[in-house]
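Peer 1: To start, I am sharing the structure in question, which I have written as structure tokens.
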Amino acid sequence: MTQALALIPDEFPLLSAGQFVLREITPSDAVDWHRYLTDSRVSEFTSTPDMSLADVEQLIDTFTNGFHSKTQIRWALGEAGGQKMIGDCGYNVFWSRDSRGEIGYQLSPDYWGRGVMTVALSTIIGYGFARLKLNKIEATVNVNNERSATLMRRLGFQLEGTLRDYRNRRGVFGDSWFFGLLSREYVDRRAD
Ligand SMILES: CC(C)(COP(=O)(O)OP(=O)(O)OC[C@H]1O[C@@H](n2cnc3c(N)ncnc32)[C@H](O)[C@@H]1OP(=O)(O)O)[C@@H](O)C(=O)NCCC(=O)NCCS
């Protein structure tokens, strides 16, 4: 079960990620978020159930409450100076006693293949190690998702194993790769 992490600040952390910003998700993001969450090019690789716009509005409430209870942080990846939400990433779960957090991420297909998520995840990983004092960050990736696995490896994550029948993908159980990155292994490459 997810646990509260006392180091999560009261005010939502606004971060800069290259030409994009990482900001709080608000109710006005529901349409943008719903559009790419339900795009088959995205849902093919995620375990998110089919979602209506009302479900996405509910999800935004869940993440808002998760932030205020210090159990989750989900950032919207937004255009700097604009309202559009093009992706999202964040910590779904924290295990505070073990200083561990699990990340999740997805990007509108219009923006794939430009290194956008590499920059976004580098930013929140750096934040997780430096500000939240995490010792380990982990992610599970569906075994058909080579693009996501490549991203994990690029960021220094190690494949630690395969979890059998780990996710229910809209009615079909599927295996997941388990990736982990330790604080002592992390190299911040954003300045390279
Ligand atoms: C997985 C996902 C987030 C990757 O997004 P992305 O921004 O394309 O990922 P990256 O940052 O790794 O970009 C890599 C691509 O950008 C290119 N690139 C350009 N500039 C780059 C840079 N400065 N740094 C890194 N890559 C760069 C790479 O060559 C690579 O191109 P390729 O895909 O043609 O090989 C996206 O495909 C997605 O949302 N998929 C569906 C949802 C999903 O799978 N979520 C994860 C669940 S575990």
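Residue names in the structure tokens use chain letters A, B, ... in the order shown, residue numbers from 1 in each chain, and ligand numbers from 1 in the order shown.
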Among stretch 10-103 of chain A, which residues does DSSP mark as helix (DSSP H, G or I) when it is run on the backbone? Keep the chain and numbering as in the structure and answer as a ChimeraX atom specification.

Peer 2: /A:27-37,40-43,53-68,96-98

Peer 1: Report as a PyMOL selection string which protein, DNA and RNA residues come within 9 Å of ligand 1, using only C-alpha atoms and all ligand atoms.

Peer 2: chain A and resi 36-37+41-47+87-89+103-109+111-121+139-142+145-152+154-155+176

Peer 1: Considering only C-alpha atoms, state which residue in the set A:Ser40, A:Ser96, A:Thr48, A:Thr26 is at the smallest distance from A:Thr62.

Peer 2: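 Closest residue, counting only C-alpha atoms: A:Thr26.
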
Peer 1: With only C-alpha atoms as the counted atoms, please give the residues lying no more than 12 Å from stretch 27-29 of chain A, apart from itself and same-chain residues fewer than 5 positions off, as a list in words.

Peer 2: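 With the cut-off at 12 Å, the set is His34, Arg35, Tyr36, Leu37, Leu53, Ala54, Asp55, Val56, Glu57, Gln58, Leu59, Ile60, Asp61, Thr62, Phe63, Thr64, Trp75, Ala76, Leu77, Gly78, Gly82, Gln83, Lys84, Met85, Ile86, Gly87 and Asp88 of chain A.
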
Peer 1: Save the residues we just selected, N, CA and C atoms, as a PDB file, in the first residue's frame?

Peer 2:
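Written output follows (part-v8.pdb):
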ATOM      1  N   HIS A  34      -7.529  13.215 -21.747  1.00  0.00           N
ATOM      2  CA  HIS A  34      -8.399  12.157 -22.255  1.00  0.00           C
ATOM      3  C   HIS A  34      -8.016  11.812 -23.704  1.00  0.00           C
ATOM      4  N   ARG A  35      -7.661  12.841 -24.495  1.00  0.00           N
ATOM      5  CA  ARG A  35      -7.368  12.624 -25.911  1.00  0.00           C
ATOM      6  C   ARG A  35      -6.197  11.650 -26.078  1.00  0.00           C
ATOM      7  N   TYR A  36      -5.093  11.887 -25.366  1.00  0.00           N
ATOM      8  CA  TYR A  36      -3.965  10.982 -25.627  1.00  0.00           C
ATOM      9  C   TYR A  36      -4.030   9.696 -24.803  1.00  0.00           C
ATOM     10  N   LEU A  37      -4.687   9.732 -23.634  1.00  0.00           N
ATOM     11  CA  LEU A  37      -4.830   8.498 -22.839  1.00  0.00           C
ATOM     12  C   LEU A  37      -5.604   7.434 -23.599  1.00  0.00           C
ATOM     13  N   LEU A  53     -14.429  10.860 -20.447  1.00  0.00           N
ATOM     14  CA  LEU A  53     -13.946  12.164 -19.979  1.00  0.00           C
ATOM     15  C   LEU A  53     -14.234  12.325 -18.483  1.00  0.00           C
ATOM     16  N   ALA A  54     -15.374  11.843 -18.035  1.00  0.00           N
ATOM     17  CA  ALA A  54     -15.722  11.932 -16.600  1.00  0.00           C
ATOM     18  C   ALA A  54     -14.746  11.116 -15.761  1.00  0.00           C
ATOM     19  N   ASP A  55     -14.300   9.971 -16.291  1.00  0.00           N
ATOM     20  CA  ASP A  55     -13.308   9.155 -15.560  1.00  0.00           C
ATOM     21  C   ASP A  55     -11.996   9.923 -15.419  1.00  0.00           C
ATOM     22  N   VAL A  56     -11.621  10.643 -16.490  1.00  0.00           N
ATOM     23  CA  VAL A  56     -10.363  11.407 -16.438  1.00  0.00           C
ATOM     24  C   VAL A  56     -10.501  12.557 -15.431  1.00  0.00           C
ATOM     25  N   GLU A  57     -11.685  13.184 -15.391  1.00  0.00           N
ATOM     26  CA  GLU A  57     -11.907  14.250 -14.399  1.00  0.00           C
ATOM     27  C   GLU A  57     -11.775  13.679 -12.980  1.00  0.00           C
ATOM     28  N   GLN A  58     -12.283  12.481 -12.817  1.00  0.00           N
ATOM     29  CA  GLN A  58     -12.173  11.797 -11.515  1.00  0.00           C
ATOM     30  C   GLN A  58     -10.704  11.487 -11.189  1.00  0.00           C
ATOM     31  N   LEU A  59      -9.964  11.080 -12.232  1.00  0.00           N
ATOM     32  CA  LEU A  59      -8.540  10.760 -12.046  1.00  0.00           C
ATOM     33  C   LEU A  59      -7.765  12.009 -11.614  1.00  0.00           C
ATOM     34  N   ILE A  60      -8.129  13.141 -12.194  1.00  0.00           N
ATOM     35  CA  ILE A  60      -7.459  14.394 -11.808  1.00  0.00           C
ATOM     36  C   ILE A  60      -7.714  14.674 -10.325  1.00  0.00           C
ATOM     37  N   ASP A  61      -8.936  14.467  -9.878  1.00  0.00           N
ATOM     38  CA  ASP A  61      -9.264  14.634  -8.450  1.00  0.00           C
ATOM     39  C   ASP A  61      -8.429  13.686  -7.591  1.00  0.00           C
ATOM     40  N   THR A  62      -8.290  12.455  -8.086  1.00  0.00           N
ATOM     41  CA  THR A  62      -7.530  11.457  -7.317  1.00  0.00           C
ATOM     42  C   THR A  62      -6.085  11.913  -7.142  1.00  0.00           C
ATOM     43  N   PHE A  63      -5.485  12.421  -8.241  1.00  0.00           N
ATOM     44  CA  PHE A  63      -4.092  12.867  -8.137  1.00  0.00           C
ATOM     45  C   PHE A  63      -3.975  14.129  -7.278  1.00  0.00           C
ATOM     46  N   THR A  64      -4.967  15.010  -7.362  1.00  0.00           N
ATOM     47  CA  THR A  64      -4.943  16.215  -6.505  1.00  0.00           C
ATOM     48  C   THR A  64      -4.979  15.787  -5.033  1.00  0.00           C
ATOM     49  N   TRP A  75       2.803  15.040 -12.411  1.00  0.00           N
ATOM     50  CA  TRP A  75       2.991  16.307 -13.110  1.00  0.00           C
ATOM     51  C   TRP A  75       2.354  16.246 -14.498  1.00  0.00           C
ATOM     52  N   ALA A  76       1.771  17.366 -14.917  1.00  0.00           N
ATOM     53  CA  ALA A  76       1.413  17.548 -16.325  1.00  0.00           C
ATOM     54  C   ALA A  76       2.644  18.079 -17.024  1.00  0.00           C
ATOM     55  N   LEU A  77       2.916  17.555 -18.220  1.00  0.00           N
ATOM     56  CA  LEU A  77       3.976  18.095 -19.064  1.00  0.00           C
ATOM     57  C   LEU A  77       3.276  19.072 -19.992  1.00  0.00           C
ATOM     58  N   GLY A  78       3.593  20.337 -19.823  1.00  0.00           N
ATOM     59  CA  GLY A  78       2.848  21.352 -20.556  1.00  0.00           C
ATOM     60  C   GLY A  78       3.768  22.240 -21.367  1.00  0.00           C
ATOM     61  N   GLY A  82       1.892  28.132 -22.339  1.00  0.00           N
ATOM     62  CA  GLY A  82       0.601  27.735 -22.916  1.00  0.00           C
ATOM     63  C   GLY A  82      -0.170  26.865 -21.941  1.00  0.00           C
ATOM     64  N   GLN A  83      -1.371  26.487 -22.359  1.00  0.00           N
ATOM     65  CA  GLN A  83      -2.232  25.694 -21.475  1.00  0.00           C
ATOM     66  C   GLN A  83      -2.178  24.205 -21.807  1.00  0.00           C
ATOM     67  N   LYS A  84      -1.694  23.878 -23.017  1.00  0.00           N
ATOM     68  CA  LYS A  84      -1.833  22.511 -23.511  1.00  0.00           C
ATOM     69  C   LYS A  84      -1.037  21.502 -22.684  1.00  0.00           C
ATOM     70  N   MET A  85      -1.671  20.389 -22.387  1.00  0.00           N
ATOM     71  CA  MET A  85      -0.998  19.282 -21.700  1.00  0.00           C
ATOM     72  C   MET A  85      -0.636  18.246 -22.758  1.00  0.00           C
ATOM     73  N   ILE A  86       0.671  17.916 -22.860  1.00  0.00           N
ATOM     74  CA  ILE A  86       1.103  16.980 -23.906  1.00  0.00           C
ATOM     75  C   ILE A  86       1.552  15.632 -23.337  1.00  0.00           C
ATOM     76  N   GLY A  87       1.653  15.564 -22.014  1.00  0.00           N
ATOM     77  CA  GLY A  87       2.089  14.312 -21.410  1.00  0.00           C
ATOM     78  C   GLY A  87       1.964  14.419 -19.901  1.00  0.00           C
ATOM     79  N   ASP A  88       2.304  13.347 -19.236  1.00  0.00           N
ATOM     80  CA  ASP A  88       2.273  13.367 -17.775  1.00  0.00           C
ATOM     81  C   ASP A  88       3.263  12.342 -17.253  1.00  0.00           C
TER      82      ASP A  88
END

Peer 1: Pick out the residues sitting within 7 Å of stretch 159-166 of chain A, and hand them over as a VMD selection string; count only C-alpha atoms, and ignore anything fewer than 4 positions along from it in its own chain.

Peer 2: chain A and resid 173 to 180

Peer 1: Select, from A:Leu182, A:Ile124, A:Ile8, A:Ile73, the residue with the minimum atom-to-atom distance to A:Glu24, counting only C-alpha atoms.

Peer 2: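 The shortest atom-to-atom distance to A:Glu24 comes from A:Ile73.
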
Peer 1: Please indicate the distance in Å from atom CA of A:Glu138 to atom CA of A:Gly101, rounded to one decimal place.

Peer 2: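 Result for atom CA of A:Glu138 versus atom CA of A:Gly101: 6.3 Å, one decimal.
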
Peer 1: For A:Ala4, which of A:Gly66, A:Glu185, A:Asp32, A:Arg23 is the closest residue, counting only C-alpha atoms?

Peer 2: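 Using only C-alpha atoms, A:Ala4 sits closest to A:Gly66.
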
Peer 1: Out of chain A, which residues get strand (DSSP E or B) from DSSP, as a compact mmCIF listing (two decimals) with C-alpha atoms, in the first residue's frame?

Peer 2:
# COMPACT_ATOMS: atom_id res chain seq x y z
CA LEU A 15 9.77 22.16 -12.56
CA SER A 16 11.33 23.07 -15.85
CA ALA A 17 11.99 20.30 -18.41
CA PHE A 20 8.37 22.21 -21.41
CA VAL A 21 7.19 22.71 -17.84
CA LEU A 22 6.17 20.13 -15.28
CA ARG A 23 3.19 21.53 -13.41
CA GLU A 24 0.13 20.44 -11.47
CA ILE A 73 2.80 13.41 -7.31
CA ARG A 74 1.67 13.52 -10.93
CA TRP A 75 2.99 16.31 -13.11
CA ALA A 76 1.41 17.55 -16.32
CA LEU A 77 3.98 18.09 -19.06
CA GLY A 78 2.85 21.35 -20.56
CA GLU A 79 3.94 23.82 -23.17
CA MET A 85 -1.00 19.28 -21.70
CA ILE A 86 1.10 16.98 -23.91
CA GLY A 87 2.09 14.31 -21.41
CA ASP A 88 2.27 13.37 -17.78
CA CYS A 89 4.66 11.66 -15.42
CA GLY A 90 5.12 11.22 -11.73
CA TYR A 91 5.24 9.03 -8.68
CA ASN A 92 2.27 6.68 -8.38
CA VAL A 93 3.33 5.07 -5.13
CA PHE A 94 5.80 5.75 -2.32
CA TRP A 95 7.13 3.36 0.27
CA ARG A 100 11.31 4.02 -2.63
CA GLY A 101 8.96 5.39 -5.29
CA GLU A 102 7.37 4.05 -8.47
CA ILE A 103 7.13 6.24 -11.56
CA GLY A 104 4.65 6.21 -14.44
CA TYR A 105 4.62 8.29 -17.65
CA GLN A 106 2.93 8.76 -21.01
CA LEU A 107 3.18 11.21 -23.84
CA LYS A 136 15.36 3.73 -5.23
CA ILE A 137 13.05 4.57 -8.11
CA GLU A 138 11.28 1.79 -9.94
CA ALA A 139 9.01 1.31 -12.93
CA THR A 140 7.09 -1.57 -14.43
CA VAL A 141 6.89 -1.76 -18.21
CA ASN A 142 4.63 -4.06 -20.24
CA GLN A 158 18.50 -1.79 -14.70
CA LEU A 159 16.16 -4.59 -15.67
CA GLU A 160 15.74 -6.53 -12.43
CA GLY A 161 13.33 -9.20 -13.63
CA THR A 162 10.05 -10.10 -15.25
CA LEU A 163 6.86 -10.08 -13.20
CA ARG A 164 4.45 -12.70 -14.51
CA ASP A 165 0.82 -11.79 -15.22
CA TYR A 166 1.47 -8.56 -13.35
CA ARG A 167 -1.04 -6.22 -15.01
CA ASN A 168 -4.61 -6.59 -16.11
CA ARG A 169 -4.63 -4.88 -19.53
CA VAL A 172 -5.97 -9.69 -20.37
CA PHE A 173 -3.21 -10.41 -17.88
CA GLY A 174 0.28 -9.64 -19.13
CA ASP A 175 3.87 -9.83 -17.90
CA SER A 176 5.82 -6.72 -16.91
CA TRP A 177 9.51 -5.90 -16.83
CA PHE A 178 10.64 -4.47 -13.50
CA PHE A 179 13.23 -1.67 -13.80
CA GLY A 180 15.07 -0.07 -10.88
CA LEU A 181 17.49 2.81 -10.40
CA LEU A 182 19.40 3.43 -7.16

Peer 1: Considering only C-alpha atoms, state which residue in the set A:Pro9, A:Thr2, A:Gly171, A:Leu14 is at the smallest distance from A:Leu132.

Peer 2: A:Pro9
